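Source file: upload_9.cif; contents: mmCIF, C-alpha atoms.
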```cif
data_entry
loop_
_atom_site.group_PDB
_atom_site.id
_atom_site.type_symbol
_atom_site.label_atom_id
_atom_site.label_comp_id
_atom_site.auth_asym_id
_atom_site.auth_seq_id
_atom_site.Cartn_x
_atom_site.Cartn_y
_atom_site.Cartn_z
ATOM 1 C CA MET A 1 6.985 -5.813 25.300
ATOM 2 C CA ALA A 2 5.286 -8.744 23.561
ATOM 3 C CA TYR A 3 2.998 -7.874 20.675
ATOM 4 C CA HIS A 4 2.087 -9.049 17.179
ATOM 5 C CA ILE A 5 1.648 -7.042 13.962
ATOM 6 C CA ALA A 6 -0.168 -8.548 10.984
ATOM 7 C CA VAL A 7 0.130 -6.761 7.646
ATOM 8 C CA ASP A 8 -1.481 -7.808 4.398
ATOM 9 C CA SER A 9 0.805 -8.148 1.416
ATOM 10 C CA CYS A 10 -0.113 -4.821 -0.161
ATOM 11 C CA THR A 11 2.237 -3.352 2.458
ATOM 12 C CA ASP A 12 5.508 -2.682 0.614
ATOM 13 C CA MET A 13 7.928 -3.473 3.415
ATOM 14 C CA THR A 14 11.520 -2.337 3.836
ATOM 15 C CA ALA A 15 14.282 -4.920 4.324
ATOM 16 C CA ALA A 16 14.311 -4.181 8.075
ATOM 17 C CA MET A 17 10.563 -4.708 8.362
ATOM 18 C CA LYS A 18 10.866 -8.103 6.673
ATOM 19 C CA LYS A 19 13.307 -9.175 9.404
ATOM 20 C CA ASP A 20 11.242 -7.843 12.323
ATOM 21 C CA GLU A 21 10.061 -10.811 14.403
ATOM 22 C CA HIS A 22 6.983 -8.899 15.549
ATOM 23 C CA ILE A 23 5.641 -8.595 11.986
ATOM 24 C CA THR A 24 3.789 -11.348 10.131
ATOM 25 C CA LEU A 25 2.993 -10.962 6.447
ATOM 26 C CA VAL A 26 -0.515 -12.176 5.597
ATOM 27 C CA PRO A 27 -0.495 -12.803 1.834
ATOM 28 C CA LEU A 28 -3.216 -12.171 -0.690
ATOM 29 C CA THR A 29 -3.494 -14.507 -3.681
ATOM 30 C CA LEU A 30 -3.014 -13.002 -7.150
ATOM 31 C CA ASN A 31 -4.869 -14.531 -10.088
ATOM 32 C CA VAL A 32 -3.474 -14.177 -13.613
ATOM 33 C CA GLY A 33 -5.513 -16.267 -16.029
ATOM 34 C CA GLU A 34 -5.341 -19.821 -14.673
ATOM 35 C CA ASP A 35 -2.271 -19.092 -12.546
ATOM 36 C CA LYS A 36 -2.483 -18.412 -8.813
ATOM 37 C CA VAL A 37 0.417 -16.530 -7.241
ATOM 38 C CA ILE A 38 0.827 -16.330 -3.459
ATOM 39 C CA ASP A 39 2.031 -12.830 -2.588
ATOM 40 C CA ASP A 40 4.624 -13.817 -0.011
ATOM 41 C CA GLU A 41 8.434 -13.798 0.182
ATOM 42 C CA THR A 42 8.564 -16.074 -2.891
ATOM 43 C CA PHE A 43 6.920 -13.438 -5.137
ATOM 44 C CA ASN A 44 8.880 -12.936 -8.374
ATOM 45 C CA GLN A 45 8.064 -9.499 -9.748
ATOM 46 C CA ALA A 46 9.640 -9.960 -13.192
ATOM 47 C CA GLU A 47 7.856 -13.266 -13.783
ATOM 48 C CA PHE A 48 4.557 -11.831 -12.564
ATOM 49 C CA LEU A 49 4.799 -8.767 -14.837
ATOM 50 C CA ARG A 50 5.522 -11.077 -17.778
ATOM 51 C CA LYS A 51 2.416 -13.148 -17.028
ATOM 52 C CA VAL A 52 0.233 -10.039 -16.698
ATOM 53 C CA ALA A 53 1.502 -8.627 -20.012
ATOM 54 C CA GLU A 54 0.760 -11.897 -21.821
ATOM 55 C CA CYS A 55 -2.695 -12.485 -20.304
ATOM 56 C CA PRO A 56 -5.672 -10.848 -22.092
ATOM 57 C CA GLU A 57 -7.715 -10.916 -18.879
ATOM 58 C CA ALA A 58 -7.324 -8.515 -15.976
ATOM 59 C CA PRO A 59 -5.382 -9.868 -13.000
ATOM 60 C CA SER A 60 -7.321 -10.059 -9.745
ATOM 61 C CA SER A 61 -6.641 -10.714 -6.096
ATOM 62 C CA ALA A 62 -8.252 -12.783 -3.345
ATOM 63 C CA CYS A 63 -8.016 -11.610 0.250
ATOM 64 C CA PRO A 64 -6.553 -13.711 3.081
ATOM 65 C CA SER A 65 -8.818 -15.889 5.209
ATOM 66 C CA PRO A 66 -9.803 -14.916 8.769
ATOM 67 C CA ASP A 67 -7.817 -17.958 9.928
ATOM 68 C CA ALA A 68 -4.635 -16.548 8.357
ATOM 69 C CA TYR A 69 -5.092 -13.391 10.420
ATOM 70 C CA MET A 70 -5.845 -15.383 13.570
ATOM 71 C CA GLN A 71 -2.523 -17.191 13.228
ATOM 72 C CA ALA A 72 -0.723 -13.876 12.729
ATOM 73 C CA TYR A 73 -2.348 -12.366 15.840
ATOM 74 C CA GLY A 74 -1.063 -15.245 17.987
ATOM 75 C CA TYR A 75 -3.058 -17.711 20.053
ATOM 76 C CA ASN A 76 -2.300 -15.964 23.354
ATOM 77 C CA ASN A 77 -3.217 -12.843 25.335
ATOM 78 C CA GLU A 78 -0.526 -10.613 23.810
ATOM 79 C CA ASP A 79 -1.624 -7.387 22.095
ATOM 80 C CA ALA A 80 -2.068 -7.578 18.335
ATOM 81 C CA TYR A 81 -2.504 -5.086 15.511
ATOM 82 C CA ALA A 82 -3.282 -5.416 11.812
ATOM 83 C CA ILE A 83 -2.814 -3.041 8.879
ATOM 84 C CA THR A 84 -4.837 -3.746 5.760
ATOM 85 C CA LEU A 85 -5.605 -2.395 2.328
ATOM 86 C CA SER A 86 -8.422 0.150 2.209
ATOM 87 C CA SER A 87 -11.732 -1.561 2.945
ATOM 88 C CA GLU A 88 -13.069 0.198 -0.165
ATOM 89 C CA LEU A 89 -10.574 -1.688 -2.360
ATOM 90 C CA SER A 90 -10.358 -5.157 -0.821
ATOM 91 C CA GLY A 91 -12.023 -7.611 1.549
ATOM 92 C CA SER A 92 -8.775 -7.899 3.533
ATOM 93 C CA TYR A 93 -9.980 -5.495 6.251
ATOM 94 C CA ASN A 94 -13.223 -7.416 6.834
ATOM 95 C CA SER A 95 -11.299 -10.684 6.952
ATOM 96 C CA ALA A 96 -8.878 -9.244 9.514
ATOM 97 C CA LYS A 97 -11.783 -7.961 11.631
ATOM 98 C CA LEU A 98 -13.555 -11.325 11.534
ATOM 99 C CA GLY A 99 -10.331 -13.083 12.499
ATOM 100 C CA ALA A 100 -9.959 -10.703 15.449
ATOM 101 C CA ASP A 101 -13.535 -11.298 16.614
ATOM 102 C CA LEU A 102 -13.164 -15.081 16.388
ATOM 103 C CA LEU A 103 -9.861 -15.090 18.268
ATOM 104 C CA LYS A 104 -11.227 -12.886 21.048
ATOM 105 C CA GLU A 105 -13.913 -15.498 21.666
ATOM 106 C CA GLU A 106 -11.083 -17.876 22.616
ATOM 107 C CA TYR A 107 -8.959 -15.218 24.344
ATOM 108 C CA PRO A 108 -11.377 -12.605 25.746
ATOM 109 C CA ASP A 109 -8.561 -10.647 27.437
ATOM 110 C CA LYS A 110 -6.585 -10.257 24.209
ATOM 111 C CA LYS A 111 -6.498 -6.754 22.717
ATOM 112 C CA ILE A 112 -6.626 -6.588 18.907
ATOM 113 C CA HIS A 113 -7.041 -3.545 16.682
ATOM 114 C CA VAL A 114 -7.369 -3.616 12.904
ATOM 115 C CA PHE A 115 -6.268 -0.443 11.111
ATOM 116 C CA ASN A 116 -8.137 0.263 7.877
ATOM 117 C CA SER A 117 -5.343 2.067 6.021
ATOM 118 C CA ARG A 118 -7.815 3.781 3.671
ATOM 119 C CA SER A 119 -4.799 3.536 1.393
ATOM 120 C CA ALA A 120 -2.527 0.911 -0.156
ATOM 121 C CA SER A 121 1.115 0.174 -0.895
ATOM 122 C CA ALA A 122 3.323 3.051 0.340
ATOM 123 C CA GLY A 123 0.496 4.331 2.538
ATOM 124 C CA GLN A 124 0.365 1.056 4.455
ATOM 125 C CA THR A 125 4.147 1.044 4.833
ATOM 126 C CA LEU A 126 4.116 4.479 6.473
ATOM 127 C CA ILE A 127 1.333 3.386 8.830
ATOM 128 C CA LEU A 128 3.490 0.409 9.808
ATOM 129 C CA MET A 129 6.416 2.777 10.463
ATOM 130 C CA LYS A 130 4.206 4.900 12.720
ATOM 131 C CA LEU A 131 2.902 1.828 14.545
ATOM 132 C CA GLN A 132 6.451 0.588 15.141
ATOM 133 C CA GLU A 133 7.453 4.022 16.453
ATOM 134 C CA CYS A 134 4.614 4.014 18.990
ATOM 135 C CA LEU A 135 5.276 0.451 20.137
ATOM 136 C CA GLU A 136 9.025 0.953 20.460
ATOM 137 C CA ALA A 137 8.283 3.998 22.634
ATOM 138 C CA GLY A 138 6.423 1.670 25.005
ATOM 139 C CA LYS A 139 3.042 3.357 24.653
ATOM 140 C CA ALA A 140 -0.106 1.701 25.985
ATOM 141 C CA PHE A 141 -2.493 -0.110 23.625
ATOM 142 C CA SER A 142 -5.155 2.621 23.674
ATOM 143 C CA GLU A 143 -2.567 5.349 23.072
ATOM 144 C CA VAL A 144 -1.044 3.413 20.165
ATOM 145 C CA VAL A 145 -4.454 2.964 18.545
ATOM 146 C CA SER A 146 -5.361 6.633 18.988
ATOM 147 C CA GLU A 147 -2.072 7.957 17.565
ATOM 148 C CA VAL A 148 -2.025 5.633 14.564
ATOM 149 C CA GLU A 149 -5.683 6.284 13.711
ATOM 150 C CA GLN A 150 -4.974 10.033 13.818
ATOM 151 C CA TYR A 151 -1.968 9.467 11.553
ATOM 152 C CA ILE A 152 -4.191 7.651 9.043
ATOM 153 C CA GLU A 153 -6.620 10.594 9.068
ATOM 154 C CA GLU A 154 -3.820 12.973 8.061
ATOM 155 C CA GLN A 155 -2.122 10.766 5.469
ATOM 156 C CA THR A 156 -2.210 11.260 1.683
ATOM 157 C CA THR A 157 -1.401 8.724 -1.052
ATOM 158 C CA LEU A 158 -0.700 9.658 -4.692
ATOM 159 C CA PHE A 159 0.246 7.558 -7.710
ATOM 160 C CA VAL A 160 1.100 7.774 -11.398
ATOM 161 C CA LEU A 161 0.948 4.739 -13.692
ATOM 162 C CA GLU A 162 3.187 4.170 -16.695
ATOM 163 C CA SER A 163 0.674 1.706 -18.143
ATOM 164 C CA LEU A 164 -3.120 1.796 -17.921
ATOM 165 C CA GLU A 165 -3.504 -1.751 -19.260
ATOM 166 C CA THR A 166 -4.699 -3.219 -15.965
ATOM 167 C CA LEU A 167 -7.361 -0.495 -15.674
ATOM 168 C CA ARG A 168 -8.427 -1.167 -19.262
ATOM 169 C CA LYS A 169 -8.589 -4.929 -18.755
ATOM 170 C CA ASN A 170 -10.713 -4.717 -15.608
ATOM 171 C CA GLY A 171 -13.137 -2.256 -17.176
ATOM 172 C CA ARG A 172 -12.241 0.833 -15.129
ATOM 173 C CA LEU A 173 -11.138 2.597 -18.306
ATOM 174 C CA SER A 174 -12.930 2.271 -21.653
ATOM 175 C CA GLY A 175 -10.991 0.802 -24.568
ATOM 176 C CA LEU A 176 -11.324 4.043 -26.541
ATOM 177 C CA LYS A 177 -10.168 6.199 -23.637
ATOM 178 C CA ALA A 178 -7.259 3.855 -22.923
ATOM 179 C CA THR A 179 -6.225 4.007 -26.584
ATOM 180 C CA LEU A 180 -6.396 7.807 -26.659
ATOM 181 C CA VAL A 181 -4.448 8.054 -23.412
ATOM 182 C CA ASN A 182 -1.764 5.749 -24.811
ATOM 183 C CA VAL A 183 -1.562 7.535 -28.178
ATOM 184 C CA LEU A 184 -1.359 10.968 -26.537
ATOM 185 C CA ASN A 185 0.941 9.632 -23.796
ATOM 186 C CA ILE A 186 -1.323 11.074 -21.088
ATOM 187 C CA LYS A 187 -0.521 9.940 -17.543
ATOM 188 C CA PRO A 188 -3.207 10.636 -14.905
ATOM 189 C CA VAL A 189 -2.151 11.676 -11.406
ATOM 190 C CA MET A 190 -4.350 9.717 -9.017
ATOM 191 C CA GLY A 191 -4.848 9.915 -5.273
ATOM 192 C CA SER A 192 -6.726 8.508 -2.318
ATOM 193 C CA THR A 193 -9.908 10.062 -0.950
ATOM 194 C CA PRO A 194 -10.528 10.395 2.816
ATOM 195 C CA GLU A 195 -12.809 7.345 2.535
ATOM 196 C CA GLY A 196 -10.119 5.222 0.896
ATOM 197 C CA THR A 197 -11.332 5.236 -2.697
ATOM 198 C CA ILE A 198 -9.394 6.513 -5.745
ATOM 199 C CA GLN A 199 -9.768 9.856 -7.525
ATOM 200 C CA GLN A 200 -8.045 11.569 -10.444
ATOM 201 C CA LEU A 201 -6.332 14.798 -9.384
ATOM 202 C CA ASP A 202 -4.409 15.920 -12.463
ATOM 203 C CA MET A 203 -2.641 14.633 -15.561
ATOM 204 C CA GLY A 204 0.509 15.221 -17.557
ATOM 205 C CA ARG A 205 1.738 14.401 -21.018
ATOM 206 C CA GLY A 206 4.503 11.904 -20.426
ATOM 207 C CA MET A 207 5.658 10.317 -17.200
ATOM 208 C CA LYS A 208 8.068 13.071 -16.161
ATOM 209 C CA LYS A 209 5.452 15.830 -16.516
ATOM 210 C CA ALA A 210 2.913 13.730 -14.628
ATOM 211 C CA LEU A 211 5.388 13.181 -11.803
ATOM 212 C CA MET A 212 6.059 16.936 -11.662
ATOM 213 C CA LYS A 213 2.279 17.405 -11.340
ATOM 214 C CA MET A 214 2.379 14.879 -8.502
ATOM 215 C CA ILE A 215 5.059 16.963 -6.784
ATOM 216 C CA GLU A 216 2.770 20.005 -7.093
ATOM 217 C CA GLN A 217 -0.036 17.974 -5.461
ATOM 218 C CA ILE A 218 2.238 17.262 -2.498
ATOM 219 C CA GLY A 219 2.566 21.004 -1.933
ATOM 220 C CA LYS A 220 -1.221 21.402 -1.917
ATOM 221 C CA THR A 221 -1.810 18.809 0.796
ATOM 222 C CA VAL A 222 1.259 18.352 3.003
ATOM 223 C CA ILE A 223 1.277 19.971 6.450
ATOM 224 C CA HIS A 224 4.514 20.267 8.471
ATOM 225 C CA PRO A 225 6.690 18.133 6.154
ATOM 226 C CA THR A 226 9.653 18.427 8.544
ATOM 227 C CA ASP A 227 7.694 16.184 10.947
ATOM 228 C CA LYS A 228 6.804 13.603 8.294
ATOM 229 C CA TYR A 229 8.387 10.809 6.329
ATOM 230 C CA LEU A 230 7.562 10.406 2.649
ATOM 231 C CA LEU A 231 7.647 6.949 1.119
ATOM 232 C CA ILE A 232 8.042 6.084 -2.564
ATOM 233 C CA SER A 233 7.017 2.631 -3.806
ATOM 234 C CA HIS A 234 8.143 1.855 -7.329
ATOM 235 C CA CYS A 235 7.302 -1.004 -9.671
ATOM 236 C CA ASN A 236 10.505 -2.028 -11.428
ATOM 237 C CA CYS A 237 11.721 1.572 -11.903
ATOM 238 C CA LEU A 238 14.319 2.372 -9.237
ATOM 239 C CA LYS A 239 16.026 5.121 -11.268
ATOM 240 C CA ARG A 240 12.686 6.891 -11.705
ATOM 241 C CA ALA A 241 12.045 6.658 -7.950
ATOM 242 C CA GLU A 242 15.511 8.038 -7.193
ATOM 243 C CA TRP A 243 14.959 10.936 -9.621
ATOM 244 C CA LEU A 244 11.601 11.663 -7.973
ATOM 245 C CA LYS A 245 13.217 11.647 -4.515
ATOM 246 C CA VAL A 246 15.725 14.295 -5.623
ATOM 247 C CA GLU A 247 12.994 16.468 -7.172
ATOM 248 C CA ILE A 248 10.837 16.254 -4.036
ATOM 249 C CA GLU A 249 13.824 17.172 -1.842
ATOM 250 C CA LYS A 250 14.346 20.310 -3.934
ATOM 251 C CA LYS A 251 10.891 21.583 -2.919
ATOM 252 C CA TYR A 252 10.028 20.098 0.468
ATOM 253 C CA ALA A 253 12.035 19.409 3.632
ATOM 254 C CA PHE A 254 10.597 16.068 4.719
ATOM 255 C CA LYS A 255 11.994 14.371 7.807
ATOM 256 C CA GLY A 256 13.144 11.609 5.475
ATOM 257 C CA ILE A 257 12.303 9.946 2.156
ATOM 258 C CA VAL A 258 12.322 6.149 1.877
ATOM 259 C CA ILE A 259 12.228 4.146 -1.371
ATOM 260 C CA VAL A 260 10.868 0.583 -1.546
ATOM 261 C CA ASP A 261 9.930 -1.825 -4.324
ATOM 262 C CA THR A 262 6.302 -2.847 -4.768
ATOM 263 C CA ALA A 263 5.313 -6.288 -3.527
ATOM 264 C CA GLY A 264 2.759 -8.405 -5.382
ATOM 265 C CA VAL A 265 -0.563 -6.637 -4.873
ATOM 266 C CA ALA A 266 0.881 -3.180 -5.495
ATOM 267 C CA THR A 267 2.736 -4.543 -8.531
ATOM 268 C CA MET A 268 -0.578 -5.821 -9.900
ATOM 269 C CA TYR A 269 -2.215 -2.384 -9.619
ATOM 270 C CA ALA A 270 0.762 -0.112 -10.350
ATOM 271 C CA ASN A 271 2.025 -2.266 -13.244
ATOM 272 C CA ASP A 272 5.504 -1.963 -14.743
ATOM 273 C CA GLY A 273 6.903 1.556 -14.224
ATOM 274 C CA GLY A 274 4.257 2.727 -11.747
ATOM 275 C CA ILE A 275 5.055 5.053 -8.831
ATOM 276 C CA VAL A 276 3.169 5.367 -5.520
ATOM 277 C CA VAL A 277 3.923 8.125 -2.989
ATOM 278 C CA ALA A 278 2.558 8.511 0.538
ATOM 279 C CA TYR A 279 3.183 11.091 3.262
#
```
The structure given in the file should be rewritten as structure tokens.
Amino acid sequence: MAYHIAVDSCTDMTAAMKKDEHITLVPLTLNVGEDKVIDDETFNQAEFLRKVAECPEAPSSACPSPDAYMQAYGYNNEDAYAITLSSELSGSYNSAKLGADLLKEEYPDKKIHVFNSRSASAGQTLILMKLQECLEAGKAFSEVVSEVEQYIEEQTTLFVLESLETLRKNGRLSGLKATLVNVLNIKPVMGSTPEGTIQQLDMGRGMKKALMKMIEQIGKTVIHPTDKYLLISHCNCLKRAEWLKVEIEKKYAFKGIVIVDTAGVATMYANDGGIVVAY
């Protein structure tokens, strides 16, 4: 079956996904001071984290153009799908939708669906896994769309940040609060809302306690874990991710737990040492 999948670069892909010929990465551009970093296969996480740490300004991102999505969809009548960052967090979804509308003017018989992940990072990766599962099973376009949209409705994303510097720099956390949080070593446990925005759910003193609070949050929201995969995205902290995997397995019998490294956009938000979990 011929089809195309476009994913924006906040999707933290596995090695197998990066080799899949059906998948095209549509990169965002990351801005750190005067530097512009294309979030594609050339992204250097260590260099990027160094630049962010040295820059007094908050890093920012620019979404892909509609034309970039059009190229990823393919100039033909083959089915196409896109998975983007939450529309509440980025313009990537609107750009993907506009690209789809423009391409369908040229190819009116082409079927394109853009999935608003209402999530980011690990959440997008799991949606991609579900989409691949449906397509590999040979399901029809309408059935694929229905199943994946239902999956998005039921998905939860949680994260804990080692550093709140990016939030402080972009004004989402006052300087005084950021200082107090750092001095007291408080780590908020954050999560996605059904609409795709971010909320604080809990907090812990120190990273390990915050991650244990995150594990408690999983128990409050997960339904039928034996039918679900859980995905952990980590920013430059593989040992922490592996420890978290073991702790989660002690409490919940997920179908499987996958660990990936954050790509550029998720690295920008999670910062060094950050952990994102989706299920």
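Within the 12 Å cut-off around A:His224, using all atoms listed in the file and omitting residues fewer than 5 positions from it on the same chain, the listed residues are Glu154, Gln155, Ile218, Gly219, Tyr229, Leu230, Tyr252, Ala253, Phe254, Lys255 and Tyr279 of chain A.
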Worksheet item: Near A:Met268, counting all atoms listed in the file, which residues have an atom at most 8 Å away, once you skip same-chain residues fewer than 3 positions from it, shown as a list in words?
Response: Leu49, Pro59, Ser60, Thr166, Gly264, Val265 and Asn271 of chain A
Worksheet entry | Of the listed residues A:Gln124, A:Val258, A:Glu247, A:Cys63, that which approaches A:Asn94 most closely, counting all atoms listed in the file |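 Nearest to A:Asn94: A:Cys63.
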Which polymer residues, protein or nucleic acid, are no farther than 10 Å from (0.1, -9.2, 26.2), counting only C-alpha atoms, as a CSV table (one decimal) with C-alpha atoms, keeping the file's coordinate frame?
```
chain,number,residue,atom,x,y,z
A,1,MET,CA,7.0,-5.8,25.3
A,2,ALA,CA,5.3,-8.7,23.6
A,3,TYR,CA,3.0,-7.9,20.7
A,4,HIS,CA,2.1,-9.0,17.2
A,76,ASN,CA,-2.3,-16.0,23.4
A,77,ASN,CA,-3.2,-12.8,25.3
A,78,GLU,CA,-0.5,-10.6,23.8
A,79,ASP,CA,-1.6,-7.4,22.1
A,80,ALA,CA,-2.1,-7.6,18.3
A,109,ASP,CA,-8.6,-10.6,27.4
A,110,LYS,CA,-6.6,-10.3,24.2
A,111,LYS,CA,-6.5,-6.8,22.7
A,141,PHE,CA,-2.5,-0.1,23.6
```
Enclosing box along x, y and z for every listed atom of stretch 123-137 of chain A, padded 3 Å each side, centre and size in Å, one decimal, as JSON:
```
{"center_x": 4.7, "center_y": 2.7, "center_z": 12.6, "size_x": 14.7, "size_y": 10.5, "size_z": 26.1}
```
Worksheet item: Which residue gives the smallest distance to A:Leu89 among A:Val277, A:Ala62, A:Leu25, A:Ala15, with all atoms listed in the file counted?
Response: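 Of A:Val277, A:Ala62, A:Leu25, A:Ala15, the one nearest A:Leu89, counting all atoms listed in the file, is A:Ala62.
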For the structure shown, which residues end up in the PyMOL selection byres ((chain A and resi 71) around 12)? Put them as a PDB file with C-alpha atoms, keeping the file's coordinate frame, please?
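The new file part.pdb reads:
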```pdb
ATOM      1  CA  HIS A   4       2.087  -9.049  17.179  1.00  0.00           C
ATOM      2  CA  ILE A   5       1.648  -7.042  13.962  1.00  0.00           C
ATOM      3  CA  ALA A   6      -0.168  -8.548  10.984  1.00  0.00           C
ATOM      4  CA  ILE A  23       5.641  -8.595  11.986  1.00  0.00           C
ATOM      5  CA  THR A  24       3.789 -11.348  10.131  1.00  0.00           C
ATOM      6  CA  LEU A  25       2.993 -10.962   6.447  1.00  0.00           C
ATOM      7  CA  VAL A  26      -0.515 -12.176   5.597  1.00  0.00           C
ATOM      8  CA  PRO A  64      -6.553 -13.711   3.081  1.00  0.00           C
ATOM      9  CA  SER A  65      -8.818 -15.889   5.209  1.00  0.00           C
ATOM     10  CA  PRO A  66      -9.803 -14.916   8.769  1.00  0.00           C
ATOM     11  CA  ASP A  67      -7.817 -17.958   9.928  1.00  0.00           C
ATOM     12  CA  ALA A  68      -4.635 -16.548   8.357  1.00  0.00           C
ATOM     13  CA  TYR A  69      -5.092 -13.391  10.420  1.00  0.00           C
ATOM     14  CA  MET A  70      -5.845 -15.383  13.570  1.00  0.00           C
ATOM     15  CA  ALA A  72      -0.723 -13.876  12.729  1.00  0.00           C
ATOM     16  CA  TYR A  73      -2.348 -12.366  15.840  1.00  0.00           C
ATOM     17  CA  GLY A  74      -1.063 -15.245  17.987  1.00  0.00           C
ATOM     18  CA  TYR A  75      -3.058 -17.711  20.053  1.00  0.00           C
ATOM     19  CA  ASN A  76      -2.300 -15.964  23.354  1.00  0.00           C
ATOM     20  CA  ALA A  80      -2.068  -7.578  18.335  1.00  0.00           C
ATOM     21  CA  ALA A  82      -3.282  -5.416  11.812  1.00  0.00           C
ATOM     22  CA  ALA A  96      -8.878  -9.244   9.514  1.00  0.00           C
ATOM     23  CA  GLY A  99     -10.331 -13.083  12.499  1.00  0.00           C
ATOM     24  CA  ALA A 100      -9.959 -10.703  15.449  1.00  0.00           C
ATOM     25  CA  LEU A 102     -13.164 -15.081  16.388  1.00  0.00           C
ATOM     26  CA  LEU A 103      -9.861 -15.090  18.268  1.00  0.00           C
TER      27      LEU A 103
END
```
Item to complete: Please provide the set of residues having any atom within 8 Å of A:Gly196, restricted to only C-alpha atoms, with same-chain residues fewer than 2 positions apart removed, written as JSON, numbers by chain.
Response: {"A": [86, 87, 88, 89, 117, 118, 119, 192, 193, 194, 198]}
Worksheet item: If you measure from atom CA of A:Ala140 to atom CA of A:Lys97, what distance in Å do you get, rounded to one decimal?
Response: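 According to the coordinates, atom CA of A:Ala140 and atom CA of A:Lys97 are separated by 20.9 Å.
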Discussion item. Just to confirm, what's the straight-line distance from atom CA of A:Ala122 to atom CA of A:Ser95 in Å (one decimal)?
Written reply: 21.1 Å
Item to complete: Step by step, work through what the PyMOL selection byres ((chain A and resi 13) around 9) selects in the shown file, and finish by giving those residues as a list in words.
Response: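 The output of the PyMOL selection byres ((chain A and resi 13) around 9) on this file is Ser9, Cys10, Thr11, Asp12, Thr14, Ala15, Ala16, Met17, Lys18, Ser121, Ala122, Gln124, Thr125, Leu128, Val260, Asp261, Thr262 and Ala263 of chain A.
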